[in-house]
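S.K.: One structure, as structure tokens, below. Some questions next.
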Amino acid sequence: MPPHFFLEYYDPPPGLERHVLALFHFIWDEPVIRDRHPGALPQLVLIPHGKGSAEFAAGPDEVPGEALMLGGFSTSVPFRIEGPWHAVGASLSPLGWAALTGQPAHLYRDRFIPAGELLGAEVDRFAGQANGAYRKGEISGKQLCDMLAEWIAERLQPVPPAHERAIGQTIAWLGSSLNPDVERLFAEIGYSRRQAERLVERYFGFTPAALARKFRAVRAASLLADENLSDEAQAEIAEAFHDQPHMIREIRRFCGYTPSRLGGSEEPLFQTMLRLKNLDRLERFRTIR
């Protein structure tokens, strides 16, 4: 039988939807856990129980204490956890990352970041107290999610309005198709080509072309993992890649699997993360005011 885990998503409180795409509570009570993380979106994560490491291209990176951040991964990343593992976190939009950290996302790609490195000693104090209350059974995972959302909301800083508009335009472009035209983004975003590339990389962690390539693969994998995939979706996927070998290479690079394995149960957490609704929430970013 495949291992069992608990993974629950919660909507952010009103007013925080443009910064936090979803809150989550994850429990996996296995002594050793191995899986892959697609790392499509940045996160702030509290870790009351467990420790582990991920195998990035530059080498292994240990989970840094009771609170970590990640800014997104260039490819899927294998990880190993010594359980039981409990985590509570917030998936951040590009605006949320910028407003919370004030740092360019591309400088923090492909590694685990101690939360205190970006958010100061205050986050470590908060994580210690909140995780301690969780470990004692004084608060639930949902309550810890609520506490984390409140902590984030109180520390968000303004982002220049022109940059916020550019973030929304980039998200609209990214969600317009599985294979969006980069030249269309440059024509619509209102900056020179070089300025647009730098702006997108600052807030999304990748240049426009690299961003579109990654999200094409992750979206295609998510669709292919759906047992009820429609003929229309199949056609859209086929049109988004040069041919089937190209599709297989891209999905393997960004998701770690060939399409034939995406519906399997050997690594069920990865399947759940592929199906998570954060990509849909990201596309709805521009409609929330």
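Chain lettering (A, B, ...) mirrors the order of the structure tokens, residue numbering begins at 1 for each chain separately, and ligand numbering begins at 1 in order of display.
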If you count only C-alpha atoms, which residues fall within 8 Å of Pro42 (chain A), apart from same-chain ones fewer than 3 positions away, as a JSON list (two decimals) with all heavy atoms, in the first residue's frame?
M.R.:
```json
[["chain", "number", "residue", "atom", "x", "y", "z"],
["A", 39, "GLY", "N", 8.52, 22.74, -6.73],
["A", 39, "GLY", "CA", 9.05, 24.06, -6.39],
["A", 39, "GLY", "C", 8.65, 25.16, -7.33],
["A", 39, "GLY", "O", 9.47, 26.02, -7.67],
["A", 69, "MET", "N", 12.35, 29.37, 4.10],
["A", 69, "MET", "CA", 11.73, 29.92, 2.91],
["A", 69, "MET", "C", 12.36, 29.28, 1.69],
["A", 69, "MET", "O", 13.52, 28.84, 1.73],
["A", 69, "MET", "CB", 11.89, 31.44, 2.84],
["A", 69, "MET", "CG", 11.20, 32.18, 3.97],
["A", 69, "MET", "SD", 11.04, 33.96, 3.65],
["A", 69, "MET", "CE", 9.70, 33.98, 2.43],
["A", 70, "LEU", "N", 11.60, 29.19, 0.62],
["A", 70, "LEU", "CA", 12.15, 28.81, -0.67],
["A", 70, "LEU", "C", 11.59, 29.77, -1.70],
["A", 70, "LEU", "O", 10.46, 30.22, -1.61],
["A", 70, "LEU", "CB", 11.84, 27.36, -1.01],
["A", 70, "LEU", "CG", 10.38, 26.90, -1.09],
["A", 70, "LEU", "CD1", 9.85, 27.05, -2.51],
["A", 70, "LEU", "CD2", 10.27, 25.45, -0.66],
["A", 71, "GLY", "N", 12.45, 30.10, -2.68],
["A", 71, "GLY", "CA", 12.07, 31.09, -3.68],
["A", 71, "GLY", "C", 11.69, 30.49, -5.01],
["A", 71, "GLY", "O", 11.50, 31.22, -5.98],
["A", 72, "GLY", "N", 11.59, 29.17, -5.10],
["A", 72, "GLY", "CA", 11.29, 28.50, -6.36],
["A", 72, "GLY", "C", 12.49, 27.71, -6.84],
["A", 72, "GLY", "O", 13.64, 28.04, -6.55],
["A", 91, "SER", "N", 1.98, 29.44, 0.66],
["A", 91, "SER", "CA", 2.47, 29.60, -0.70],
["A", 91, "SER", "C", 2.25, 31.04, -1.11],
["A", 91, "SER", "O", 1.14, 31.55, -1.05],
["A", 91, "SER", "CB", 1.72, 28.66, -1.65],
["A", 91, "SER", "OG", 2.04, 27.33, -1.40],
["A", 92, "LEU", "N", 3.33, 31.69, -1.52],
["A", 92, "LEU", "CA", 3.31, 33.13, -1.78],
["A", 92, "LEU", "C", 3.22, 33.42, -3.27],
["A", 92, "LEU", "O", 3.83, 32.73, -4.09],
["A", 92, "LEU", "CB", 4.58, 33.78, -1.22],
["A", 92, "LEU", "CG", 4.87, 33.56, 0.26],
["A", 92, "LEU", "CD1", 6.25, 34.10, 0.61],
["A", 92, "LEU", "CD2", 3.81, 34.21, 1.13],
["A", 93, "SER", "N", 2.49, 34.45, -3.61],
["A", 93, "SER", "CA", 2.53, 34.97, -4.97],
["A", 93, "SER", "C", 3.84, 35.74, -5.16],
["A", 93, "SER", "O", 4.53, 36.07, -4.18],
["A", 93, "SER", "CB", 1.34, 35.90, -5.21],
["A", 93, "SER", "OG", 1.52, 37.11, -4.48],
["A", 94, "PRO", "N", 4.20, 36.07, -6.39],
["A", 94, "PRO", "CA", 5.38, 36.93, -6.59],
["A", 94, "PRO", "C", 5.27, 38.25, -5.83],
["A", 94, "PRO", "O", 6.26, 38.75, -5.28],
["A", 94, "PRO", "CB", 5.41, 37.15, -8.10],
["A", 94, "PRO", "CG", 4.75, 35.91, -8.65],
["A", 94, "PRO", "CD", 3.66, 35.59, -7.68],
["A", 97, "TRP", "N", 5.98, 37.44, -2.07],
["A", 97, "TRP", "CA", 7.41, 37.30, -1.80],
["A", 97, "TRP", "C", 8.07, 38.67, -1.70],
["A", 97, "TRP", "O", 8.82, 38.95, -0.76],
["A", 97, "TRP", "CB", 8.09, 36.48, -2.90],
["A", 97, "TRP", "CG", 9.59, 36.52, -2.84],
["A", 97, "TRP", "CD1", 10.40, 37.49, -3.35],
["A", 97, "TRP", "CD2", 10.45, 35.58, -2.19],
["A", 97, "TRP", "NE1", 11.72, 37.21, -3.09],
["A", 97, "TRP", "CE2", 11.77, 36.04, -2.37],
["A", 97, "TRP", "CE3", 10.24, 34.39, -1.49],
["A", 97, "TRP", "CZ2", 12.87, 35.35, -1.87],
["A", 97, "TRP", "CZ3", 11.34, 33.70, -1.00],
["A", 97, "TRP", "CH2", 12.64, 34.18, -1.18]]
```
S.K.: Write down as a ChimeraX atom specification the residues of region 78-191 of chain A whose backbone DSSP state falls under strand (DSSP E).
M.R.: /A:78-92,112-114
S.K.: From the set A:Arg125, A:Gly89, A:Pro38, A:His49, which residue has the shortest atom-to-atom contact distance to Val77 (chain A), counting only C-alpha atoms?
M.R.: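 Between A:Arg125, A:Gly89, A:Pro38, A:His49, the residue approaching Val77 (chain A) most closely is A:Pro38.
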S.K.: For Tyr203 (chain A), which of A:Arg253, A:Arg109, A:Arg80, A:His242 is the closest residue, counting only C-alpha atoms?
M.R.: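 Of all the options, A:Arg109 lies closest to Tyr203 (chain A).
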S.K.: Which residues are close to Lys214 (chain A), i.e. within 12 Å by only C-alpha atoms, leaving aside same-chain residues fewer than 3 positions away? Reply as JSON, numbers by chain.
M.R.: {"A": [38, 39, 40, 41, 72, 73, 74, 75, 76, 174, 178, 179, 180, 204, 205, 206, 207, 208, 209, 210, 211, 217, 218, 219, 220, 221, 247, 249, 250, 251, 252, 253, 254, 255]}
S.K.: Convert the current residue selection to file output with C-alpha atoms, as a JSON list (two decimals), in the first residue's frame.
M.R.:
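Result written to selection_33.json:
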```
[["chain", "number", "residue", "atom", "x", "y", "z"],
["A", 38, "PRO", "CA", 8.31, 20.76, -8.18],
["A", 39, "GLY", "CA", 9.05, 24.06, -6.39],
["A", 40, "ALA", "CA", 6.97, 26.18, -8.73],
["A", 41, "LEU", "CA", 6.09, 28.87, -6.20],
["A", 72, "GLY", "CA", 11.29, 28.50, -6.36],
["A", 73, "PHE", "CA", 13.26, 25.74, -8.05],
["A", 74, "SER", "CA", 14.68, 25.58, -11.58],
["A", 75, "THR", "CA", 13.90, 21.85, -11.80],
["A", 76, "SER", "CA", 12.15, 19.28, -9.64],
["A", 174, "LEU", "CA", 1.56, 33.28, -18.22],
["A", 178, "LEU", "CA", 0.42, 26.57, -22.26],
["A", 179, "ASN", "CA", 2.94, 28.19, -24.58],
["A", 180, "PRO", "CA", 2.57, 31.98, -24.29],
["A", 204, "PHE", "CA", 9.25, 35.66, -10.51],
["A", 205, "GLY", "CA", 12.78, 34.32, -10.14],
["A", 206, "PHE", "CA", 13.19, 33.53, -13.84],
["A", 207, "THR", "CA", 13.40, 35.38, -17.15],
["A", 208, "PRO", "CA", 10.13, 35.39, -19.13],
["A", 209, "ALA", "CA", 11.25, 32.60, -21.46],
["A", 210, "ALA", "CA", 12.45, 30.38, -18.59],
["A", 211, "LEU", "CA", 9.32, 31.12, -16.59],
["A", 217, "ALA", "CA", 5.86, 21.64, -18.09],
["A", 218, "VAL", "CA", 4.26, 21.82, -14.64],
["A", 219, "ARG", "CA", 0.82, 22.61, -16.08],
["A", 220, "ALA", "CA", 1.11, 19.88, -18.69],
["A", 221, "ALA", "CA", 2.12, 17.38, -16.01],
["A", 247, "MET", "CA", 7.25, 16.99, -24.08],
["A", 249, "ARG", "CA", 12.12, 15.74, -21.84],
["A", 250, "GLU", "CA", 10.55, 18.91, -20.49],
["A", 251, "ILE", "CA", 8.23, 17.16, -18.03],
["A", 252, "ARG", "CA", 11.08, 14.95, -16.82],
["A", 253, "ARG", "CA", 13.26, 18.02, -16.27],
["A", 254, "PHE", "CA", 10.76, 20.06, -14.29],
["A", 255, "CYS", "CA", 8.73, 17.29, -12.66]]
```
